[in-house]
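See below for input_23.txt, which holds compact mmCIF, C-alpha atoms.
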```txt
# COMPACT_ATOMS: atom_id res chain seq x y z
CA MET Q 1 33.28 -31.65 -4.23
CA ASN Q 2 35.31 -34.78 -4.89
CA GLU Q 3 33.64 -37.72 -3.12
CA LYS Q 4 35.47 -41.05 -2.85
CA GLN Q 5 35.53 -43.82 -0.31
CA ILE Q 6 39.26 -43.90 0.40
CA LEU Q 7 42.18 -41.52 0.32
CA LEU Q 8 45.40 -43.51 -0.03
CA ALA Q 9 48.89 -42.07 0.42
CA GLU Q 10 51.87 -44.33 -0.31
CA ASP Q 11 55.17 -43.23 -1.84
CA GLU Q 12 56.50 -46.70 -2.69
CA PHE Q 13 55.02 -47.41 -6.08
CA THR Q 14 54.66 -51.22 -5.98
CA ALA Q 15 52.71 -51.03 -2.72
CA ARG Q 16 50.56 -48.22 -4.09
CA LYS Q 17 49.85 -49.98 -7.38
CA LEU Q 18 49.02 -53.26 -5.71
CA LEU Q 19 46.59 -51.54 -3.38
CA GLU Q 20 45.07 -49.66 -6.29
CA PHE Q 21 44.61 -52.96 -8.12
CA GLN Q 22 43.00 -54.62 -5.11
CA LEU Q 23 40.68 -51.71 -4.37
CA LYS Q 24 39.54 -51.53 -7.99
CA ARG Q 25 38.69 -55.23 -7.94
CA LEU Q 26 36.49 -54.59 -4.93
CA HIS Q 27 34.85 -51.64 -6.73
CA ILE Q 28 36.07 -49.27 -4.04
CA THR Q 29 36.49 -45.67 -5.19
CA PHE Q 30 39.68 -43.96 -4.10
CA ASP Q 31 42.25 -41.26 -4.70
CA ALA Q 32 45.87 -42.39 -4.54
CA VAL Q 33 48.72 -39.95 -3.94
CA GLU Q 34 52.48 -40.28 -3.42
CA THR Q 35 53.17 -37.78 -0.66
CA GLY Q 36 51.75 -36.59 2.62
CA THR Q 37 51.47 -33.07 1.27
CA ALA Q 38 49.36 -34.26 -1.65
CA ALA Q 39 47.20 -36.27 0.75
CA LEU Q 40 46.39 -33.14 2.73
CA GLU Q 41 45.53 -31.24 -0.45
CA TYR Q 42 43.16 -33.98 -1.58
CA PHE Q 43 41.65 -34.25 1.88
CA ARG Q 44 40.87 -30.53 1.97
CA GLN Q 45 39.16 -30.70 -1.42
CA GLY Q 46 37.22 -33.93 -1.01
CA THR Q 47 35.22 -36.16 1.28
CA TYR Q 48 36.30 -39.66 2.22
CA LYS Q 49 35.09 -42.45 4.47
CA LEU Q 50 38.58 -43.60 5.35
CA VAL Q 51 42.19 -42.45 4.99
CA LEU Q 52 45.02 -44.94 4.58
CA LEU Q 53 48.47 -43.47 5.14
CA ASP Q 54 51.95 -44.84 4.78
CA GLU Q 55 53.99 -43.70 7.76
CA TYR Q 56 57.38 -43.30 6.11
CA MET Q 57 56.98 -40.78 3.29
CA PRO Q 58 59.20 -37.93 2.13
CA GLY Q 59 58.13 -34.54 3.43
CA LEU Q 60 55.14 -35.01 5.70
CA ASN Q 61 54.96 -38.51 7.16
CA GLY Q 62 51.75 -40.38 7.90
CA SER Q 63 51.54 -39.28 11.53
CA GLU Q 64 51.91 -35.62 10.60
CA VAL Q 65 49.19 -35.89 7.97
CA ALA Q 66 46.95 -37.73 10.43
CA ARG Q 67 47.40 -35.00 13.04
CA GLU Q 68 46.17 -32.34 10.62
CA ILE Q 69 43.26 -34.47 9.37
CA ARG Q 70 42.17 -35.22 12.93
CA ARG Q 71 42.18 -31.53 13.74
CA ILE Q 72 39.65 -30.96 10.94
CA ASP Q 73 37.64 -34.20 11.23
CA PRO Q 74 38.29 -36.10 14.48
CA SER Q 75 35.86 -38.90 13.65
CA LEU Q 76 37.30 -39.93 10.29
CA PRO Q 77 38.90 -43.41 10.50
CA LEU Q 78 42.65 -43.22 9.89
CA LEU Q 79 44.61 -46.35 9.04
CA ALA Q 80 48.40 -46.57 8.90
CA MET Q 81 50.87 -48.72 7.01
CA THR Q 82 54.42 -49.30 8.12
CA SER Q 83 57.17 -51.77 7.39
CA ASP Q 84 58.52 -51.33 10.91
CA PRO Q 85 56.74 -53.61 13.40
CA GLU Q 86 58.28 -51.62 16.25
CA ALA Q 87 56.33 -48.54 15.13
CA VAL Q 88 52.94 -50.18 15.57
CA GLN Q 89 52.35 -49.22 19.19
CA ARG Q 90 53.43 -45.64 18.62
CA LEU Q 91 51.07 -45.32 15.65
CA LEU Q 92 48.14 -46.75 17.59
CA GLU Q 93 48.83 -44.31 20.40
CA ALA Q 94 48.98 -41.54 17.82
CA GLY Q 95 45.34 -42.24 16.99
CA PHE Q 96 45.37 -44.59 14.02
CA ARG Q 97 42.51 -47.08 14.26
CA GLU Q 98 44.49 -49.84 12.53
CA VAL Q 99 48.10 -50.38 11.64
CA PHE Q 100 49.03 -52.69 8.78
CA VAL Q 101 52.56 -54.05 8.77
CA LYS Q 102 53.93 -54.25 5.24
CA PRO Q 103 54.28 -56.12 3.00
CA LEU Q 104 50.53 -56.57 2.74
CA HIS Q 105 50.33 -60.15 1.59
CA GLY Q 106 47.04 -61.98 1.93
CA ASN Q 107 43.62 -60.38 2.18
CA ALA Q 108 43.30 -59.48 5.84
CA HIS Q 109 43.93 -55.77 5.25
CA LEU Q 110 41.18 -55.70 2.60
CA ALA Q 111 38.71 -57.37 4.95
CA ILE Q 112 39.43 -54.70 7.54
CA ILE Q 113 39.12 -51.88 5.04
CA LEU Q 114 35.78 -53.28 3.83
CA GLY Q 115 34.65 -53.43 7.44
CA TYR Q 116 35.16 -49.70 7.79
CA LEU Q 117 33.35 -48.93 4.55
CA ALA Q 118 30.32 -51.10 5.35
CA MET R 1 75.65 -76.13 17.12
CA SER R 2 71.99 -76.62 17.86
CA ILE R 3 69.07 -74.98 16.18
CA LEU R 4 66.32 -74.02 18.51
CA TYR R 5 62.86 -73.07 17.32
CA SER R 6 60.96 -71.26 19.97
CA MET R 7 57.33 -71.45 18.94
CA SER R 8 55.05 -69.60 21.25
CA ILE R 9 51.48 -69.89 19.96
CA ILE R 10 50.93 -72.47 17.26
CA GLN R 11 49.22 -75.65 16.32
CA LEU R 12 52.24 -77.75 17.08
CA PRO R 13 50.92 -81.22 16.27
CA GLU R 14 49.76 -80.28 12.79
CA LEU R 15 52.87 -78.31 12.02
CA VAL R 16 55.32 -80.98 13.12
CA ASP R 17 53.36 -83.74 11.40
CA GLN R 18 53.26 -81.75 8.18
CA ILE R 19 56.99 -81.00 8.25
CA LEU R 20 57.88 -84.60 9.03
CA HIS R 21 55.57 -85.84 6.30
CA ASP R 22 57.00 -83.42 3.74
CA LEU R 23 60.58 -84.27 4.62
CA SER R 24 59.85 -87.95 4.48
CA SER R 25 58.06 -87.77 1.12
CA LEU R 26 60.95 -85.74 -0.29
CA GLY R 27 63.43 -88.43 0.71
CA PHE R 28 65.11 -86.33 3.38
CA PRO R 29 68.15 -88.37 4.29
CA ILE R 30 68.29 -87.46 7.95
CA PRO R 31 66.66 -89.93 10.32
CA ILE R 32 64.01 -88.04 12.21
CA GLN R 33 63.21 -88.73 15.78
CA ASN R 34 60.04 -87.10 16.98
CA GLN R 35 60.21 -86.61 20.70
CA TYR R 36 57.55 -84.05 20.72
CA GLU R 37 54.54 -84.26 23.02
CA PRO R 38 51.31 -82.51 22.02
CA ALA R 39 51.09 -79.00 23.39
CA ALA R 40 48.65 -78.16 26.09
CA GLU R 41 47.98 -74.72 24.69
CA GLN R 42 46.96 -74.42 21.05
CA CYS R 43 45.89 -71.42 19.07
CA THR R 44 45.22 -70.95 15.39
CA LEU R 45 48.26 -70.73 13.22
CA GLN R 46 47.84 -68.15 10.51
CA ASP R 47 49.02 -70.21 7.59
CA PRO R 48 50.31 -73.62 8.68
CA ASP R 49 50.64 -75.06 5.17
CA ARG R 50 52.82 -72.28 3.93
CA ILE R 51 54.89 -72.14 7.09
CA SER R 52 55.50 -75.86 7.00
CA LYS R 53 56.66 -75.52 3.40
CA VAL R 54 59.01 -72.67 4.30
CA LEU R 55 60.51 -74.70 7.12
CA THR R 56 60.69 -77.85 5.01
CA VAL R 57 62.65 -76.02 2.35
CA PHE R 58 64.85 -74.58 5.06
CA PHE R 59 65.77 -78.06 6.24
CA MET R 60 66.33 -79.23 2.69
CA GLN R 61 68.64 -76.30 2.06
CA LEU R 62 70.52 -76.95 5.26
CA GLU R 63 70.97 -80.53 4.22
CA SER R 64 72.15 -79.47 0.78
CA ALA R 65 74.58 -76.97 2.34
CA ARG R 66 76.02 -79.68 4.50
CA LYS R 67 76.75 -81.70 1.32
CA GLY R 68 74.67 -84.64 2.41
CA CYS R 69 76.50 -85.25 5.66
CA PHE R 70 74.66 -87.80 7.70
CA SER R 71 73.28 -86.33 10.83
CA ARG R 72 70.30 -86.56 13.05
CA LEU R 73 67.45 -84.16 13.38
CA LYS R 74 65.84 -84.37 16.76
CA TRP R 75 62.58 -82.73 17.72
CA ASP R 76 61.88 -81.91 21.29
CA TYR R 77 59.07 -80.04 22.94
CA ARG R 78 58.90 -78.81 26.46
CA GLU R 79 57.57 -75.75 28.26
CA GLY R 80 56.20 -74.15 25.12
CA ILE R 81 59.36 -74.47 23.07
CA LEU R 82 59.73 -76.74 20.11
CA SER R 83 63.36 -77.48 19.34
CA ALA R 84 64.92 -79.13 16.35
CA ALA R 85 68.57 -79.91 16.97
CA LEU R 86 71.01 -80.59 14.17
CA LEU R 87 73.97 -82.21 15.83
CA GLU R 88 76.69 -80.95 13.52
CA PRO R 89 78.07 -77.54 12.72
CA CYS R 90 76.53 -76.00 9.61
CA SER R 91 78.54 -74.61 6.72
CA PRO R 92 78.61 -70.92 5.73
CA GLU R 93 75.99 -71.64 3.05
CA MET R 94 73.54 -71.93 5.89
CA GLU R 95 73.52 -68.16 6.03
CA VAL R 96 71.72 -67.99 2.70
CA SER R 97 69.06 -70.41 3.87
CA PHE R 98 68.72 -68.46 7.06
CA ILE R 99 68.24 -65.16 5.23
CA ASN R 100 65.71 -66.68 2.83
CA THR R 101 63.76 -68.30 5.59
CA ARG R 102 63.78 -65.22 7.75
CA THR R 103 62.45 -63.13 4.86
CA SER R 104 59.80 -65.70 3.98
CA LEU R 105 58.62 -65.93 7.55
CA HIS R 106 58.64 -62.17 7.88
CA CYS R 107 56.22 -62.04 4.97
CA LEU R 108 53.96 -64.40 6.85
CA GLY R 109 54.15 -62.32 10.01
CA GLY R 110 56.69 -64.47 11.83
CA THR R 111 60.26 -63.84 12.86
CA LEU R 112 63.54 -65.70 12.74
CA SER R 113 66.62 -64.49 14.52
CA PHE R 114 70.01 -65.74 15.57
CA GLU R 115 70.76 -65.16 19.21
CA LYS R 116 73.36 -66.67 21.48
CA GLY R 117 74.00 -69.65 19.23
CA HIS R 118 70.34 -70.41 18.69
CA LEU R 119 67.94 -69.74 15.90
CA LEU R 120 64.74 -68.38 17.40
CA LEU R 121 61.49 -68.58 15.54
CA THR R 122 58.09 -67.14 16.30
CA LEU R 123 55.07 -67.82 14.16
CA PRO R 124 52.04 -65.66 13.44
CA THR R 125 48.58 -66.39 14.68
CA SER R 126 45.48 -65.50 12.71
CA ASN R 127 44.98 -62.09 14.31
CA GLN R 128 48.52 -60.77 13.88
CA GLN R 129 48.38 -59.44 10.36
CA SER R 130 46.74 -56.26 11.57
CA THR R 131 47.24 -54.79 14.98
CA ARG R 132 44.06 -53.27 16.23
CA GLY R 133 43.59 -50.25 18.40
CA PRO R 134 42.73 -51.00 21.98
CA SER R 135 39.26 -49.47 21.85
CA LYS R 136 37.96 -51.64 19.03
CA ASP R 137 35.56 -54.53 19.27
CA PRO R 138 36.36 -56.60 16.14
CA SER R 139 33.19 -58.65 16.30
CA GLU R 140 31.08 -55.51 16.06
CA GLU R 141 33.20 -53.48 13.76
CA PHE R 142 33.99 -56.04 11.08
CA SER R 143 30.93 -58.25 11.11
CA ASP R 144 30.31 -57.56 7.42
CA ALA R 145 33.89 -58.07 6.38
CA PRO R 146 34.65 -61.14 4.26
CA PRO R 147 36.48 -63.92 6.08
CA TYR R 148 40.24 -63.89 6.10
CA GLN R 149 41.60 -65.81 3.14
CA PRO R 150 44.90 -67.54 3.76
CA LEU R 151 47.54 -67.40 1.11
CA ASP R 152 47.10 -69.74 -1.79
CA GLU R 153 47.80 -73.33 -0.85
CA SER R 154 50.10 -73.85 -3.80
CA ALA R 155 53.71 -74.16 -2.79
CA SER R 156 55.70 -71.18 -3.93
CA TYR R 157 58.96 -72.56 -2.63
CA ARG R 158 60.01 -74.98 -5.28
CA LEU R 159 62.35 -77.80 -4.59
CA GLU R 160 63.38 -78.44 -8.13
CA GLY R 161 64.94 -76.55 -11.00
CA SER R 162 66.79 -73.29 -11.12
CA HIS R 163 64.95 -71.65 -8.24
CA LEU R 164 66.57 -73.90 -5.70
CA GLU R 165 69.94 -73.90 -7.43
CA LYS R 166 70.08 -70.12 -7.52
CA GLY R 167 68.45 -69.57 -4.17
CA THR R 168 64.77 -70.27 -3.61
CA SER R 169 63.70 -66.83 -2.60
CA VAL R 170 65.49 -64.74 -5.19
CA PHE R 171 62.15 -64.51 -6.94
CA ASP R 172 58.85 -65.99 -5.86
CA PRO R 173 56.31 -65.41 -8.64
CA ASP R 174 53.43 -66.62 -6.50
CA VAL R 175 53.67 -63.58 -4.24
CA LEU R 176 52.52 -61.26 -6.99
CA GLN R 177 50.09 -63.76 -8.39
CA GLN R 178 48.35 -63.99 -5.04
CA ALA R 179 48.22 -60.24 -4.64
CA CYS R 180 46.89 -59.69 -8.16
CA PRO R 181 45.94 -62.61 -10.38
CA ASP R 182 46.18 -60.44 -13.51
CA GLU R 183 49.37 -61.69 -15.12
CA GLU R 184 49.79 -58.76 -17.47
CA PHE R 185 49.53 -56.36 -14.56
CA SER R 186 52.06 -58.41 -12.57
CA ARG R 187 54.54 -58.40 -15.42
CA GLN R 188 54.21 -54.67 -15.92
CA LEU R 189 54.65 -54.07 -12.21
CA LEU R 190 57.77 -56.23 -12.12
CA GLU R 191 59.25 -54.55 -15.18
CA GLU R 192 58.57 -51.20 -13.59
CA PHE R 193 60.07 -52.34 -10.30
CA LEU R 194 63.24 -53.52 -12.06
CA SER R 195 63.48 -50.22 -13.91
CA HIS R 196 63.04 -48.25 -10.68
CA CYS R 197 65.57 -50.52 -9.02
CA ARG R 198 68.22 -49.89 -11.68
CA ASN R 199 67.66 -46.14 -11.33
CA HIS R 200 67.91 -46.43 -7.57
CA LEU R 201 71.18 -48.35 -7.86
CA GLN R 202 72.63 -45.68 -10.14
CA GLU R 203 71.58 -43.04 -7.68
CA LEU R 204 73.19 -44.98 -4.84
CA GLU R 205 76.41 -45.32 -6.83
CA HIS R 206 76.38 -41.58 -7.40
CA LEU R 207 75.69 -40.84 -3.73
CA LEU R 208 78.50 -43.10 -2.56
CA THR R 209 81.07 -41.48 -4.84
CA GLN R 210 80.26 -38.01 -3.57
CA GLU R 211 82.45 -36.12 -1.19
CA HIS R 212 81.84 -36.87 2.45
CA PRO R 213 79.69 -36.45 4.45
CA LEU R 214 77.44 -38.97 2.74
CA ASP R 215 73.75 -38.24 2.47
CA LEU R 216 72.75 -41.09 4.74
CA VAL R 217 69.12 -39.99 4.91
CA LYS R 218 68.78 -40.30 1.15
CA ILE R 219 70.65 -43.61 1.07
CA HIS R 220 68.37 -44.91 3.82
CA ARG R 221 65.28 -43.83 1.92
CA ILE R 222 66.39 -45.48 -1.34
CA ALA R 223 67.32 -48.73 0.41
CA HIS R 224 63.96 -48.63 2.21
CA SER R 225 62.17 -48.24 -1.10
CA ILE R 226 64.03 -51.16 -2.72
CA LYS R 227 63.29 -53.30 0.33
CA GLY R 228 59.58 -52.49 0.29
CA GLY R 229 59.22 -53.01 -3.44
CA GLY R 230 61.21 -56.24 -3.32
CA LEU R 231 58.98 -57.71 -0.64
CA ASN R 232 55.89 -56.73 -2.60
CA VAL R 233 56.99 -58.43 -5.83
CA GLY R 234 58.51 -61.53 -4.22
CA ALA R 235 62.16 -60.49 -4.63
CA PHE R 236 63.03 -61.62 -1.14
CA ARG R 237 66.79 -61.81 -1.31
CA LEU R 238 67.12 -58.38 -2.89
CA ALA R 239 64.82 -57.08 -0.16
CA GLU R 240 66.99 -58.64 2.51
CA VAL R 241 70.17 -57.04 1.15
CA ALA R 242 68.35 -53.70 0.89
CA ARG R 243 67.15 -54.07 4.47
CA SER R 244 70.72 -54.60 5.56
CA MET R 245 71.83 -51.47 3.72
CA GLU R 246 68.93 -49.53 5.20
CA GLN R 247 70.05 -50.47 8.70
CA GLN R 248 73.67 -49.62 7.95
CA ALA R 249 72.64 -46.18 6.71
CA LYS R 250 70.46 -45.64 9.75
CA ALA R 251 73.31 -46.61 12.05
CA GLY R 252 75.72 -44.35 10.18
CA MET R 253 77.92 -47.28 9.14
CA SER R 254 79.16 -45.55 6.01
CA GLY R 255 82.19 -47.83 5.68
CA SER R 256 80.11 -50.86 4.75
CA LEU R 257 77.74 -49.18 2.31
CA GLU R 258 79.85 -49.76 -0.80
CA LYS R 259 79.95 -53.47 -0.11
CA ALA R 260 76.21 -53.48 0.42
CA LEU R 261 75.73 -51.69 -2.89
CA THR R 262 77.84 -54.30 -4.68
CA ARG R 263 75.62 -57.02 -3.24
CA LEU R 264 72.50 -55.11 -4.23
CA ILE R 265 73.72 -54.83 -7.82
CA GLU R 266 74.48 -58.55 -7.92
CA GLU R 267 71.08 -59.42 -6.49
CA GLU R 268 69.28 -57.15 -8.94
CA ARG R 269 71.02 -58.86 -11.87
CA LEU R 270 70.23 -62.29 -10.50
CA LEU R 271 66.62 -61.32 -9.92
CA GLU R 272 66.30 -60.01 -13.44
CA SER R 273 67.74 -63.17 -15.00
CA ILE R 274 65.53 -65.46 -12.92
CA TYR R 275 62.47 -63.35 -13.57
CA ARG R 276 63.05 -63.40 -17.34
CA GLU R 277 63.79 -67.11 -17.28
CA HIS R 278 60.55 -67.71 -15.38
CA TYR R 279 58.40 -65.88 -17.88
CA GLU R 280 60.18 -67.37 -20.89
CA ARG R 281 59.55 -70.84 -19.48
CA LYS R 282 55.94 -69.91 -18.92
CA ALA R 283 55.55 -68.57 -22.45
CA ASN R 284 57.32 -71.59 -23.97
CA PRO R 285 56.67 -74.56 -21.72
CA PRO R 286 58.92 -77.56 -22.36
CA GLY R 287 57.48 -80.24 -24.63
```

Output the file's structure in the form of structure tokens.
Amino acid sequence: MNEKQILLAEDEFTARKLLEFQLKRLHITFDAVETGTAALEYFRQGTYKLVLLDEYMPGLNGSEVAREIRRIDPSLPLLAMTSDPEAVQRLLEAGFREVFVKPLHGNAHLAIILGYLA
Amino acid sequence: MSILYSMSIIQLPELVDQILHDLSSLGFPIPIQNQYEPAAEQCTLQDPDRISKVLTVFFMQLESARKGCFSRLKWDYREGILSAALLEPCSPEMEVSFINTRTSLHCLGGTLSFEKGHLLLTLPTSNQQSTRGPSKDPSEEFSDAPPYQPLDESASYRLEGSHLEKGTSVFDPDVLQQACPDEEFSRQLLEEFLSHCRNHLQELEHLLTQEHPLDLVKIHRIAHSIKGGGLNVGAFRLAEVARSMEQQAKAGMSGSLEKALTRLIEEERLLESIYREHYERKANPPG
């Protein structure tokens, strides 16, 4: 079974590549996908310590993916990313442990991710 | 017209001192009268150096837009609001400065808006970058996490050269450099972003020439993607125009989309020329 620390789903490629770059530098293992549907496929075939989901993706959005993941593994930490600050409260109420507002400049998001992996 | 900065939770003394010092050392021609009294409440400002630079450049651009008109900048602080009043109407060029500053502050977690004749500004505190769930205890959960690193202290908003002449925030190379110090990676990412952007613009052109009804969902998604990518690579002005188009599509304002696309195309070309100029200068430094 595929075993990585993070499952990352982000359709916007600069955000995805920057996160990939930052995670690699921290020696964090991850799978990165572009759609919510792909995220669910990877989740069903692997084990992860944390799932990081963009909210606004074509097809299944982050909340929809999170709902399905929570049904299977309610204790898995789910983190969301959104560029809409007004969506933060809704996403927290939907069960995401953290919500990052994009763009992710600085290192605060990495510190939080590392905190979950520790 | 007055410009009012409503700052809710900040280190006011340090911020004001830094801005006044920067303006003074840059030869800002406006006499500055500091009527500000130290705030009773003070919290930690997320990135005071960078914010002071953003605001300093904002004032410099305002001054430039007003063609050096002599005026007076007056600080005032009362009841939690810091105000800086410019006692003359500002020219239309101010809009560009406003957009740049709003985008820059947005990247730092702050906001800038224009409401009822006032510019309103809120600044981020150190715990605003991530919004935590209500059940979390940060001290327990993240005790092993490395400390928060503020953005690099180097000023990314240059006051000299083509960046200022063409608009400071058309391209800020430091944004990518801070996110990933690997220059080759940054260049590849930017090239790829520009390529994606050109494809997106072609797709938008195609969508807007189609028979009505327009596919507003698709237009919204493309504009959203350009906005997100632009913010990530430091293309702030392109991102701002894309954000505007995104909102127009969301609101169903199909009549203004063609104009927005024209602006997007112009901004993409400008970004590309500034980006190439930046890397050419870096590869062949003068002297």

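The gap separating CA of Ala15 in chain Q from CA of Leu40 in chain Q is 19.7 Å, in Å to one decimal.
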
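The residue that comes closest to chain R, out of Q:Val65, Q:Leu23, Q:Val33, Q:Ile72 and on the basis of all atoms listed in the file, is Q:Leu23.
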
Surrounding residues of Leu50 in chain Q excluding itself and chain neighbours under 2 positions, 8 Å, only C-alpha atoms, as a PyMOL selection string: chain Q and resi 5-7+48+52+76-79+116-117

Residue among R:Leu194, R:Leu271, R:Leu189, R:Met253 lying closest to Ile219 in chain R, counting only C-alpha atoms: R:Met253

Pull out every residue of chain Q that has at least one atom within 8 Å of chain R, counting only C-alpha atoms, and report them as a short mmCIF file (atom, residue, chain, number, x, y, z; two decimals) with C-alpha atoms, in the frame of the given file.
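Listed below is the output, iface36.cif:
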```
data_model
loop_
_atom_site.label_atom_id
_atom_site.label_comp_id
_atom_site.auth_asym_id
_atom_site.auth_seq_id
_atom_site.Cartn_x
_atom_site.Cartn_y
_atom_site.Cartn_z
CA GLU Q 12 56.50 -46.70 -2.69
CA PHE Q 13 55.02 -47.41 -6.08
CA THR Q 14 54.66 -51.22 -5.98
CA ALA Q 15 52.71 -51.03 -2.72
CA LYS Q 17 49.85 -49.98 -7.38
CA LEU Q 18 49.02 -53.26 -5.71
CA PHE Q 21 44.61 -52.96 -8.12
CA GLN Q 22 43.00 -54.62 -5.11
CA SER Q 83 57.17 -51.77 7.39
CA VAL Q 88 52.94 -50.18 15.57
CA LEU Q 92 48.14 -46.75 17.59
CA PHE Q 96 45.37 -44.59 14.02
CA ARG Q 97 42.51 -47.08 14.26
CA GLU Q 98 44.49 -49.84 12.53
CA VAL Q 99 48.10 -50.38 11.64
CA PHE Q 100 49.03 -52.69 8.78
CA VAL Q 101 52.56 -54.05 8.77
CA LYS Q 102 53.93 -54.25 5.24
CA PRO Q 103 54.28 -56.12 3.00
CA LEU Q 104 50.53 -56.57 2.74
CA HIS Q 105 50.33 -60.15 1.59
CA GLY Q 106 47.04 -61.98 1.93
CA ASN Q 107 43.62 -60.38 2.18
CA ALA Q 108 43.30 -59.48 5.84
CA HIS Q 109 43.93 -55.77 5.25
CA ALA Q 111 38.71 -57.37 4.95
CA ILE Q 112 39.43 -54.70 7.54
CA LEU Q 114 35.78 -53.28 3.83
CA GLY Q 115 34.65 -53.43 7.44
CA TYR Q 116 35.16 -49.70 7.79
CA ALA Q 118 30.32 -51.10 5.35
#
```
